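Structure file start20.cif with mmCIF, C-alpha atoms:
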data_input
#
loop_
_atom_site.label_atom_id
_atom_site.label_comp_id
_atom_site.auth_asym_id
_atom_site.auth_seq_id
_atom_site.Cartn_x
_atom_site.Cartn_y
_atom_site.Cartn_z
CA MET A 831 0.00 0.00 0.00
CA ARG A 832 1.30 3.39 -0.94
CA TYR A 833 2.40 5.88 1.72
CA LEU A 834 0.76 9.27 1.50
CA PHE A 835 1.56 12.49 3.29
CA ALA A 836 -1.44 14.44 4.55
CA LEU A 837 -1.33 18.06 5.65
CA MET A 838 -4.36 19.65 7.28
CA LEU A 839 -5.42 22.55 9.42
CA TRP A 840 -6.56 21.54 12.84
CA THR A 841 -8.69 22.76 15.70
CA SER A 842 -6.73 23.49 18.85
CA PRO A 843 -7.44 21.38 21.92
CA LEU A 844 -8.71 23.25 24.92
CA GLY A 845 -5.25 23.76 26.42
CA LEU A 846 -3.98 25.59 23.32
CA ALA A 847 -7.16 27.35 22.16
CA ALA A 848 -6.34 30.81 23.50
CA GLN A 849 -3.01 31.14 21.71
CA ASP A 850 -2.92 33.17 18.50
CA TRP A 851 -0.47 31.08 16.47
CA GLU A 852 1.33 32.40 13.40
CA ASP A 853 0.66 29.00 11.88
CA GLN A 854 -0.66 25.66 13.16
CA GLN A 855 -0.79 22.48 11.13
CA ILE A 856 -0.89 18.73 11.47
CA PHE A 857 1.27 16.51 9.32
CA THR A 858 -0.03 12.96 9.16
CA GLY A 859 1.77 9.93 7.81
CA SER A 860 -1.05 7.56 6.88
CA LEU A 861 -2.37 5.08 4.37
CA VAL A 862 -4.91 5.99 1.69
CA GLY A 863 -8.18 7.00 3.32
CA GLN A 864 -6.80 7.09 6.85
CA THR A 865 -6.25 10.04 9.16
CA SER A 866 -4.26 10.12 12.35
CA ASN A 867 -7.47 9.89 14.41
CA GLN A 868 -8.64 6.81 12.49
CA SER A 869 -5.37 4.99 12.89
CA GLY A 870 -4.97 5.94 16.54
CA SER A 871 -1.47 7.27 15.91
CA GLN A 872 0.60 9.17 18.45
CA THR A 873 1.15 12.88 17.97
CA LEU A 874 4.47 14.69 18.32
CA ARG A 875 3.90 18.32 19.33
CA ILE A 876 6.53 20.78 18.07
CA LEU A 877 6.64 24.41 19.18
CA SER A 878 8.79 26.36 16.74
CA SER A 879 9.80 29.77 15.41
CA THR A 880 10.77 28.29 12.02
CA ASP A 881 8.31 28.92 9.20
CA THR A 882 6.33 25.81 8.30
CA SER A 883 7.55 25.82 4.70
CA PHE A 884 11.15 25.43 5.88
CA MET A 885 10.39 22.50 8.18
CA THR A 886 7.94 20.65 5.93
CA PRO A 887 10.60 18.62 4.03
CA VAL A 888 12.20 17.54 7.32
CA ILE A 889 8.87 16.53 8.84
CA THR A 890 7.67 14.64 5.76
CA SER A 891 10.95 12.75 5.42
CA TYR A 892 10.66 11.74 9.08
CA LEU A 893 7.04 10.63 8.71
CA ALA A 894 8.00 8.52 5.70
CA GLU A 895 9.82 6.31 8.21
CA HIS A 896 7.14 6.67 10.91
CA PRO A 897 3.77 6.36 9.11
CA ASP A 898 1.82 5.75 12.32
CA LEU A 899 2.95 9.06 13.82
CA SER A 900 1.53 12.53 13.27
CA VAL A 901 3.24 15.86 13.93
CA ARG A 902 1.42 18.91 15.26
CA TYR A 903 3.50 21.92 14.25
CA LEU A 904 2.90 25.24 16.03
CA VAL A 905 4.64 28.43 14.92
CA SER A 906 5.12 31.54 17.04
CA GLY A 907 7.67 34.33 17.52
CA THR A 908 10.89 33.67 19.39
CA ALA A 909 10.02 35.74 22.45
CA GLU A 910 6.50 34.30 22.53
CA ILE A 911 7.86 30.75 22.44
CA ASP A 912 9.78 31.34 25.65
CA ARG A 913 6.68 32.74 27.37
CA ILE A 914 4.27 30.10 26.02
CA PHE A 915 6.51 27.18 26.88
CA ARG A 916 7.26 28.36 30.41
CA GLN A 917 3.52 28.64 31.10
CA ASP A 918 2.84 24.98 30.32
CA PRO A 919 5.86 22.90 29.26
CA ALA A 920 3.87 19.65 29.34
CA GLN A 921 1.92 20.79 26.26
CA TYR A 922 4.96 20.41 23.97
CA ASP A 923 7.42 17.64 23.14
CA LEU A 924 10.03 19.57 21.16
CA VAL A 925 10.97 23.26 21.15
CA ILE A 926 12.79 24.80 18.16
CA SER A 927 13.90 28.42 18.02
CA SER A 928 16.45 30.75 16.46
CA ALA A 929 16.79 32.71 19.74
CA MET A 930 19.84 30.89 21.08
CA ASP A 931 19.95 32.86 24.32
CA LEU A 932 16.34 32.11 25.30
CA GLN A 933 16.79 28.46 24.35
CA PHE A 934 19.95 28.23 26.42
CA LYS A 935 18.23 29.75 29.45
CA LEU A 936 15.33 27.32 29.17
CA THR A 937 17.85 24.48 29.10
CA ASN A 938 19.79 25.95 32.00
CA ASP A 939 16.55 26.30 33.99
CA GLY A 940 15.90 22.57 33.71
CA PHE A 941 13.25 22.51 30.99
CA ALA A 942 15.23 20.26 28.60
CA LEU A 943 15.56 16.49 28.69
CA PRO A 944 19.08 15.07 28.10
CA ILE A 945 19.14 12.88 24.99
CA GLU A 946 21.67 10.12 24.34
CA GLY A 947 22.90 8.99 20.96
CA ILE A 948 22.96 12.35 19.18
CA PHE A 949 26.31 12.72 17.46
CA THR A 950 27.17 16.33 16.77
CA PRO A 951 30.23 18.57 17.29
CA ASP A 952 30.81 19.75 20.86
CA TRP A 953 30.34 23.39 19.80
CA ALA A 954 26.87 22.53 18.46
CA GLN A 955 25.36 21.11 21.66
CA TRP A 956 25.13 21.85 25.35
CA ARG A 957 25.24 19.02 27.88
CA ASP A 958 23.38 16.61 25.58
CA SER A 959 20.26 18.71 26.07
CA LEU A 960 20.32 21.62 23.61
CA PHE A 961 21.31 20.91 20.01
CA ALA A 962 22.12 23.22 17.10
CA PHE A 963 21.12 22.07 13.63
CA THR A 964 21.75 25.10 11.37
CA THR A 965 24.33 27.85 11.06
CA GLU A 966 22.73 31.03 9.73
CA PRO A 967 24.16 34.51 9.23
CA ALA A 968 22.36 37.74 9.88
CA ALA A 969 22.32 39.61 6.59
CA ILE A 970 21.73 43.05 5.15
CA VAL A 971 19.24 42.64 2.31
CA ILE A 972 18.72 45.43 -0.23
CA ARG A 973 16.69 46.19 -3.35
CA ARG A 974 19.09 46.48 -6.26
CA ALA A 975 16.92 49.16 -7.88
CA ASP A 976 17.55 51.51 -4.95
CA PHE A 977 21.32 51.14 -5.35
CA ALA A 978 21.46 51.40 -9.14
CA GLY A 979 24.66 53.17 -10.18
CA GLN A 980 25.91 53.16 -6.58
CA ASP A 981 28.58 51.15 -4.78
CA ILE A 982 27.01 48.23 -2.92
CA PRO A 983 27.87 48.47 0.81
CA GLN A 984 29.83 45.50 2.10
CA THR A 985 30.27 46.65 5.70
CA ARG A 986 28.12 48.44 8.26
CA GLN A 987 30.28 51.56 7.92
CA GLU A 988 29.74 51.56 4.15
CA LEU A 989 26.00 51.19 4.75
CA ILE A 990 26.11 54.25 7.03
CA LYS A 991 27.82 56.26 4.27
CA ALA A 992 25.28 55.09 1.68
CA LEU A 993 22.34 56.08 3.88
CA ARG A 994 23.80 59.50 4.69
CA ALA A 995 24.64 60.20 1.05
CA ARG A 996 21.05 59.79 -0.20
CA PRO A 997 18.60 60.34 2.67
CA GLU A 998 15.78 61.14 0.23
CA VAL A 999 15.93 57.55 -1.09
CA PHE A 1000 15.98 55.83 2.29
CA ARG A 1001 13.78 58.01 4.48
CA ASN A 1002 11.08 55.80 6.05
CA ARG A 1003 12.29 52.93 3.85
CA LEU A 1004 14.55 51.06 6.27
CA GLY A 1005 13.55 47.95 8.21
CA THR A 1006 14.86 45.96 11.14
CA TYR A 1007 13.57 43.86 14.03
CA ASP A 1008 11.59 45.39 16.86
CA ILE A 1009 13.92 43.97 19.48
CA ARG A 1010 11.42 44.66 22.25
CA GLN A 1011 9.19 41.98 20.72
CA SER A 1012 11.58 39.68 18.83
CA GLY A 1013 13.85 37.36 20.77
CA LEU A 1014 16.04 36.77 17.72
CA GLY A 1015 16.18 40.50 16.97
CA TYR A 1016 17.32 41.18 20.53
CA LEU A 1017 19.98 38.47 20.25
CA PHE A 1018 21.34 39.91 16.99
CA ALA A 1019 21.33 43.46 18.36
CA THR A 1020 23.17 42.62 21.59
CA GLN A 1021 25.77 40.56 19.72
CA ASP A 1022 26.30 43.37 17.20
CA ALA A 1023 26.74 45.87 20.02
CA ARG A 1024 29.29 43.63 21.75
CA ALA A 1025 31.28 43.29 18.53
CA SER A 1026 31.58 46.94 17.52
CA GLU A 1027 30.52 50.50 18.32
CA THR A 1028 29.61 50.80 14.64
CA TYR A 1029 26.29 49.19 15.52
CA TRP A 1030 25.19 52.18 17.61
CA ARG A 1031 26.24 54.66 14.91
CA LEU A 1032 24.20 52.68 12.38
CA THR A 1033 21.12 52.56 14.62
CA GLU A 1034 21.28 56.33 15.13
CA VAL A 1035 21.46 56.93 11.37
CA MET A 1036 18.56 54.53 10.82
CA GLY A 1037 16.59 56.27 13.56
CA ASN A 1038 17.17 59.70 12.02
CA LEU A 1039 15.89 58.47 8.67
CA GLY A 1040 12.87 56.69 10.11
CA THR A 1041 12.98 52.92 10.46
CA ARG A 1042 10.09 50.48 10.24
CA LEU A 1043 10.14 47.83 12.97
CA TYR A 1044 9.17 44.21 12.34
CA CYS A 1045 8.42 41.08 14.28
CA CYS A 1046 10.16 38.73 11.90
CA SER A 1047 12.31 38.29 8.81
CA GLY A 1048 9.45 37.14 6.58
CA ASP A 1049 7.50 40.38 6.92
CA MET A 1050 10.62 42.46 6.30
CA ILE A 1051 11.45 40.52 3.15
CA THR A 1052 7.88 40.90 1.86
CA ASP A 1053 8.01 44.69 2.25
CA LEU A 1054 11.47 44.72 0.68
CA ALA A 1055 10.24 42.73 -2.32
CA ASN A 1056 7.30 45.06 -2.94
CA GLY A 1057 9.43 48.20 -2.60
CA LYS A 1058 7.96 49.47 0.66
CA ILE A 1059 11.46 49.44 2.13
CA ALA A 1060 14.87 49.57 0.43
CA VAL A 1061 17.07 48.02 3.13
CA ALA A 1062 16.42 45.32 5.73
CA TYR A 1063 19.03 45.03 8.47
CA ASN A 1064 19.81 41.79 10.36
CA VAL A 1065 17.49 39.61 8.30
CA LEU A 1066 17.93 35.84 8.41
CA GLY A 1067 19.96 35.09 5.31
CA SER A 1068 18.19 31.76 4.73
CA TYR A 1069 14.76 33.42 4.56
CA ALA A 1070 16.00 36.03 2.11
CA ALA A 1071 17.71 33.43 -0.10
CA ALA A 1072 14.49 31.42 -0.28
CA ARG A 1073 12.65 34.44 -1.69
CA MET A 1074 15.22 35.48 -4.28
CA GLU A 1075 13.89 33.10 -6.94
CA THR A 1076 10.60 35.02 -7.05
CA ALA A 1077 11.98 38.40 -5.96
CA LYS A 1078 15.03 38.71 -8.18
CA ASP A 1079 15.68 42.36 -7.29
CA LEU A 1080 16.76 41.35 -3.79
CA MET A 1081 20.43 41.12 -2.91
CA VAL A 1082 21.81 39.47 0.22
CA ILE A 1083 24.92 41.04 1.78
CA LEU A 1084 26.90 39.29 4.51
CA PRO A 1085 28.81 42.17 6.15
CA SER A 1086 32.56 41.65 5.90
CA ASP A 1087 33.45 43.80 8.94
CA PHE A 1088 32.23 41.29 11.52
CA PRO A 1089 29.86 38.32 11.21
CA THR A 1090 26.77 37.78 13.29
CA THR A 1091 25.90 34.12 12.90
CA MET A 1092 23.36 32.26 14.94
CA MET A 1093 22.65 28.55 15.26
CA ARG A 1094 19.04 27.41 15.23
CA THR A 1095 18.54 25.05 18.18
CA GLY A 1096 16.10 22.51 19.53
CA PHE A 1097 15.52 20.57 22.73
CA VAL A 1098 13.15 17.90 24.02
CA SER A 1099 10.86 19.08 26.80
CA ALA A 1100 11.59 17.51 30.18
CA GLN A 1101 7.82 17.01 30.47
CA ALA A 1102 7.33 15.64 26.94
CA ALA A 1103 4.49 13.16 26.50
CA GLU A 1104 6.43 11.60 23.61
CA PRO A 1105 10.08 11.86 24.67
CA GLU A 1106 11.25 8.93 22.52
CA HIS A 1107 9.65 10.26 19.35
CA ALA A 1108 10.89 13.77 20.16
CA GLY A 1109 14.44 12.47 20.60
CA ASP A 1110 14.18 10.47 17.36
CA PHE A 1111 12.97 13.54 15.49
CA MET A 1112 15.86 15.62 16.89
CA ARG A 1113 18.31 12.95 15.68
CA HIS A 1114 16.67 12.94 12.25
CA LEU A 1115 16.76 16.74 12.06
CA ILE A 1116 20.47 16.89 12.89
CA GLU A 1117 21.23 14.06 10.47
CA VAL A 1118 19.40 15.82 7.64
CA GLN A 1119 21.08 19.15 8.38
CA SER A 1120 24.55 17.60 8.69
CA GLU A 1121 24.48 15.86 5.33
CA ALA A 1122 25.07 17.25 1.86
CA ILE A 1123 21.44 18.15 1.24
CA ASP A 1124 19.61 19.47 -1.80
CA PRO A 1125 18.96 23.17 -1.00
CA LYS A 1126 15.98 23.16 -3.36
CA ILE A 1127 14.24 20.57 -1.16
CA PHE A 1128 15.65 21.23 2.30
CA LEU A 1129 15.52 25.01 2.56
CA LEU A 1130 17.26 25.43 5.90
CA PRO A 1131 21.04 25.92 5.70
CA PRO A 1132 23.17 23.06 7.03
CA LEU A 1133 24.81 23.01 10.43
CA LEU A 1134 28.27 23.28 8.86
CA PRO A 1135 28.32 25.14 5.53
CA ALA A 1136 30.91 23.90 3.05
CA ASP A 1137 32.79 27.22 3.10
CA THR A 1138 32.90 27.53 6.90
CA ALA A 1139 35.56 26.17 9.21
CA ALA A 1140 34.37 23.77 11.91
CA GLY A 1141 32.94 25.56 14.90
CA GLN A 1142 33.19 29.00 13.36
CA SER A 1143 30.21 30.82 14.82
CA SER A 1144 30.24 34.37 16.10
CA ILE A 1145 27.58 33.45 18.69
CA SER A 1146 28.78 30.57 20.83
CA LEU A 1147 26.49 28.08 22.55
CA GLY A 1148 27.41 28.70 26.17
CA PRO A 1149 26.57 30.59 29.39
CA ALA A 1150 27.70 33.94 27.93
CA LEU A 1151 24.46 33.91 25.94
CA MET A 1152 22.54 34.76 29.11
CA ALA A 1153 24.44 37.97 29.86
CA TYR A 1154 21.92 40.29 28.21
CA LEU A 1155 18.95 38.37 29.63
CA ASP A 1156 19.68 39.93 33.00
CA ARG A 1157 16.73 42.24 33.69
CA LEU A 1158 18.80 45.33 34.44
CA LYS A 1159 21.07 44.83 31.42
CA ARG A 1160 18.07 44.20 29.18
CA ARG A 1161 16.25 47.31 30.39
CA THR A 1162 19.37 49.45 29.92
CA PHE A 1163 20.03 48.06 26.44
CA LEU A 1164 16.43 48.58 25.31
CA GLN A 1165 16.48 52.17 26.59
CA GLU A 1166 19.63 52.92 24.56
CA TRP A 1167 18.15 51.20 21.51
CA GLU A 1168 14.88 53.11 21.77
CA SER A 1169 16.76 56.41 22.08
CA ALA A 1170 18.67 55.60 18.88
CA VAL A 1171 16.02 53.97 16.69
CA ILE A 1172 12.72 55.47 17.81
CA GLN A 1173 12.94 59.21 17.26
#

Using structure tokens, write down the structure from this file.
Amino acid sequence: MRYLFALMLWTSPLGLAAQDWEDQQIFTGSLVGQTSNQSGSQTLRILSSTDTSFMTPVITSYLAEHPDLSVRYLVSGTAEIDRIFRQDPAQYDLVISSAMDLQFKLTNDGFALPIEGIFTPDWAQWRDSLFAFTTEPAAIVIRRADFAGQDIPQTRQELIKALRARPEVFRNRLGTYDIRQSGLGYLFATQDARASETYWRLTEVMGNLGTRLYCCSGDMITDLANGKIAVAYNVLGSYAAARMETAKDLMVILPSDFPTTMMRTGFVSAQAAEPEHAGDFMRHLIEVQSEAIDPKIFLLPPLLPADTAAGQSSISLGPALMAYLDRLKRRTFLQEWESAVIQ
């Protein structure tokens, strides 16, 4: 009998009904004419910040080997994931997020279950509990049309010069994360600030010109593609690359002055109802992302890009990630950021 993959919208159970998800779907590995309810299959519940389209190939390839299992995939913002999960960790089996600092703190606070038998470099895991499965740079993404006849900026300082030289082109047409709402945006901003004072000069220039603030990379890229903005700062490079086939005017720039590269991570909830399936899925995810994969099918970048030296990540998976999660430091940083960007 032929294996089919079924994808359907679902109605939230009572415990999840109040949450306004960005996306919520069930993936069901079943035989013709069967649904997960008919077959009595177990359900793996994944709470994630990764867009469904990026995870679909990973989920479907996993279900091809586990046809009696279904996956409930819930998408929310990085900061929301931390809040939602802490409220009721028993509701979720696996937590995936690009906010490394929030993920690390959840692990450090005892919310993650140690998993044996996951083989990954030491720099890509923490105490067999938190595992990285992608390496992704923060990028500057521009519309080529707005830089026609101009030098393309390759560093943050060059971007500052380009913005100052033609303020009439860029006024109210710049975009970046609202770091008060985005966990990933806050992580990128704090890491940029630690690396160079250039970050604060750039934020002041962006604030003077008027900057639109976004929850996530996808919305920024959409506005960039339709010309609403000309520059998006600190966008996930993988999301921008996925859109370039349909939005050919976009150009991804990886700043050469200093890299800001995050690793997308996942952990199994210590209160998971399906800890074995969650651990198996985490192994499958790391295996897929560690192999030479077809980027047209598996859209997420691999853990170790071919042109990157082993362990080369500007944001390390370790206790230093929690420095800017201190309440006083966070409040001070946000005040400085607001003074620069919101004018």

Check which residues of region 893-973 of chain A sit at most 8 Å from region 1104-1124 of chain A using all atoms listed in the file, and return one row each with the closest pair of atoms and their distance in Å to one decimal, ordered by chain and rising number, as a tab-separated table.
residue	atom	partner	partner_atom	distance
A:Asp923	CA	A:Ala1108	CA	6.0
A:Leu924	CA	A:Ala1108	CA	5.9
A:Ile945	CA	A:Gly1109	CA	6.4
A:Ile948	CA	A:Arg1113	CA	5.9
A:Thr950	CA	A:Ile1116	CA	7.8
A:Ala962	CA	A:Ile1116	CA	7.8
A:Phe963	CA	A:Ile1116	CA	5.3
A:Thr964	CA	A:Gln1119	CA	6.7

Apply the PyMOL selection byres ((chain A and resi 1150) around 12) to the file shown and report the selected residues as an MDAnalysis selection string. chainID A and resid 930:932 934:935 938 1017 1020:1021 1024 1145:1149 1151:1156

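Here CA of Pro1089 (chain A) stands at a distance of 26.6 Å from CA of Gly979 (chain A).
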
Running the PyMOL selection byres ((chain A and resi 1079) around 12) on this model by hand, what would come out? Give it as a PyMOL selection string. chain A and resi 971-978+1051+1054-1057+1060-1061+1070-1071+1073-1078+1080-1082

Could you check how far CA of Gln984 (chain A) sits from CA of Gly1005 (chain A), in Å to one decimal?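 So the two atoms, CA of Gln984 (chain A) and CA of Gly1005 (chain A), lie 17.6 Å apart.
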
I need the residue nearest Trp1167 (chain A) from this list: A:Ala1100, A:Ala920, A:Ala1019, A:Ile1083. Use only C-alpha atoms for the distance.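 Ranking A:Ala1100, A:Ala920, A:Ala1019, A:Ile1083 by distance to Trp1167 (chain A), first place goes to A:Ala1019.
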
Suppose a student applies the PyMOL selection byres ((chain A and resi 1090) around 12) to this structure; what residues should they get, written as a PyMOL selection string? chain A and resi 965-970+986+1014-1015+1017-1026+1029+1063-1067+1084-1089+1091-1093+1142-1146

If you keep C-alpha atoms, can you produce a file of those selected residues as an mmCIF file, keeping the file's coordinate frame?
data_model
loop_
_atom_site.group_PDB
_atom_site.id
_atom_site.type_symbol
_atom_site.label_atom_id
_atom_site.label_comp_id
_atom_site.auth_asym_id
_atom_site.auth_seq_id
_atom_site.Cartn_x
_atom_site.Cartn_y
_atom_site.Cartn_z
ATOM 1 C CA THR A 965 24.330 27.850 11.060
ATOM 2 C CA GLU A 966 22.730 31.030 9.730
ATOM 3 C CA PRO A 967 24.160 34.510 9.230
ATOM 4 C CA ALA A 968 22.360 37.740 9.880
ATOM 5 C CA ALA A 969 22.320 39.610 6.590
ATOM 6 C CA ILE A 970 21.730 43.050 5.150
ATOM 7 C CA ARG A 986 28.120 48.440 8.260
ATOM 8 C CA LEU A 1014 16.040 36.770 17.720
ATOM 9 C CA GLY A 1015 16.180 40.500 16.970
ATOM 10 C CA LEU A 1017 19.980 38.470 20.250
ATOM 11 C CA PHE A 1018 21.340 39.910 16.990
ATOM 12 C CA ALA A 1019 21.330 43.460 18.360
ATOM 13 C CA THR A 1020 23.170 42.620 21.590
ATOM 14 C CA GLN A 1021 25.770 40.560 19.720
ATOM 15 C CA ASP A 1022 26.300 43.370 17.200
ATOM 16 C CA ALA A 1023 26.740 45.870 20.020
ATOM 17 C CA ARG A 1024 29.290 43.630 21.750
ATOM 18 C CA ALA A 1025 31.280 43.290 18.530
ATOM 19 C CA SER A 1026 31.580 46.940 17.520
ATOM 20 C CA TYR A 1029 26.290 49.190 15.520
ATOM 21 C CA TYR A 1063 19.030 45.030 8.470
ATOM 22 C CA ASN A 1064 19.810 41.790 10.360
ATOM 23 C CA VAL A 1065 17.490 39.610 8.300
ATOM 24 C CA LEU A 1066 17.930 35.840 8.410
ATOM 25 C CA GLY A 1067 19.960 35.090 5.310
ATOM 26 C CA LEU A 1084 26.900 39.290 4.510
ATOM 27 C CA PRO A 1085 28.810 42.170 6.150
ATOM 28 C CA SER A 1086 32.560 41.650 5.900
ATOM 29 C CA ASP A 1087 33.450 43.800 8.940
ATOM 30 C CA PHE A 1088 32.230 41.290 11.520
ATOM 31 C CA PRO A 1089 29.860 38.320 11.210
ATOM 32 C CA THR A 1091 25.900 34.120 12.900
ATOM 33 C CA MET A 1092 23.360 32.260 14.940
ATOM 34 C CA MET A 1093 22.650 28.550 15.260
ATOM 35 C CA GLN A 1142 33.190 29.000 13.360
ATOM 36 C CA SER A 1143 30.210 30.820 14.820
ATOM 37 C CA SER A 1144 30.240 34.370 16.100
ATOM 38 C CA ILE A 1145 27.580 33.450 18.690
ATOM 39 C CA SER A 1146 28.780 30.570 20.830
#

Between A:Ala1103, A:Leu1043, A:Leu960, A:Val905, which residue has the minimum interatomic distance to Glu946 (chain A), considering only C-alpha atoms?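 Using only C-alpha atoms, the shortest distance to Glu946 (chain A) belongs to A:Leu960.
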
Using Å and a single decimal, report how far CA of Phe915 (chain A) sits from CA of Arg875 (chain A). 11.9 Å

Among listed residues A:Arg1160, A:Arg1003, A:Ser959, A:Asp1049, nearest Asp881 (chain A) (using all atoms listed in the file):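 Nearest candidate to Asp881 (chain A) out of A:Arg1160, A:Arg1003, A:Ser959, A:Asp1049: A:Asp1049.
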
Residue contacts of Leu1004 (chain A) (8 Å, all atoms listed in the file) excluding same-chain residues fewer than 5 positions away, as a PyMOL selection string: chain A and resi 1036+1039-1042+1059-1063

Write out the residues from the selection above, keeping C-alpha atoms, as a PDB file, in the coordinates of the input.
ATOM      1  CA  MET A1036      18.560  54.530  10.820  1.00  0.00           C
ATOM      2  CA  LEU A1039      15.890  58.470   8.670  1.00  0.00           C
ATOM      3  CA  GLY A1040      12.870  56.690  10.110  1.00  0.00           C
ATOM      4  CA  THR A1041      12.980  52.920  10.460  1.00  0.00           C
ATOM      5  CA  ARG A1042      10.090  50.480  10.240  1.00  0.00           C
ATOM      6  CA  ILE A1059      11.460  49.440   2.130  1.00  0.00           C
ATOM      7  CA  ALA A1060      14.870  49.570   0.430  1.00  0.00           C
ATOM      8  CA  VAL A1061      17.070  48.020   3.130  1.00  0.00           C
ATOM      9  CA  ALA A1062      16.420  45.320   5.730  1.00  0.00           C
ATOM     10  CA  TYR A1063      19.030  45.030   8.470  1.00  0.00           C
TER      11      TYR A1063
END

Excluding Ile911 (chain A) and residues on its chain fewer than 3 positions from it, collect all residues at most 9 Å away from it, counting all atoms listed in the file, and give them as a compact mmCIF listing (two decimals) with C-alpha atoms, in the frame of the given file.
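As written to disk, result09.txt reads:
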# COMPACT_ATOMS: atom_id res chain seq x y z
CA LEU A 877 6.64 24.41 19.18
CA SER A 878 8.79 26.36 16.74
CA SER A 879 9.80 29.77 15.41
CA VAL A 905 4.64 28.43 14.92
CA SER A 906 5.12 31.54 17.04
CA GLY A 907 7.67 34.33 17.52
CA THR A 908 10.89 33.67 19.39
CA ILE A 914 4.27 30.10 26.02
CA PHE A 915 6.51 27.18 26.88
CA ARG A 916 7.26 28.36 30.41
CA VAL A 925 10.97 23.26 21.15
CA ILE A 926 12.79 24.80 18.16
CA SER A 927 13.90 28.42 18.02

Which neighbours of region 882-892 of chain A fall inside 7 Å, counting all atoms listed in the file, when residues of the same chain fewer than 4 positions from it are skipped, and could you give them as an mmCIF file with C-alpha atoms, keeping the file's coordinate frame?
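Everything below was put into result05.cif:
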data_model
loop_
_atom_site.group_PDB
_atom_site.id
_atom_site.type_symbol
_atom_site.label_atom_id
_atom_site.label_comp_id
_atom_site.auth_asym_id
_atom_site.auth_seq_id
_atom_site.Cartn_x
_atom_site.Cartn_y
_atom_site.Cartn_z
ATOM 1 C CA PHE A 835 1.560 12.490 3.290
ATOM 2 C CA HIS A 896 7.140 6.670 10.910
ATOM 3 C CA HIS A 1114 16.670 12.940 12.250
ATOM 4 C CA LEU A 1115 16.760 16.740 12.060
ATOM 5 C CA ILE A 1127 14.240 20.570 -1.160
ATOM 6 C CA PHE A 1128 15.650 21.230 2.300
ATOM 7 C CA LEU A 1129 15.520 25.010 2.560
ATOM 8 C CA LEU A 1130 17.260 25.430 5.900
#

Which residue of A:Tyr1044, A:Phe941, A:Phe961, A:Phe1097 approaches Ser1012 (chain A) most closely, using only C-alpha atoms: A:Tyr1044
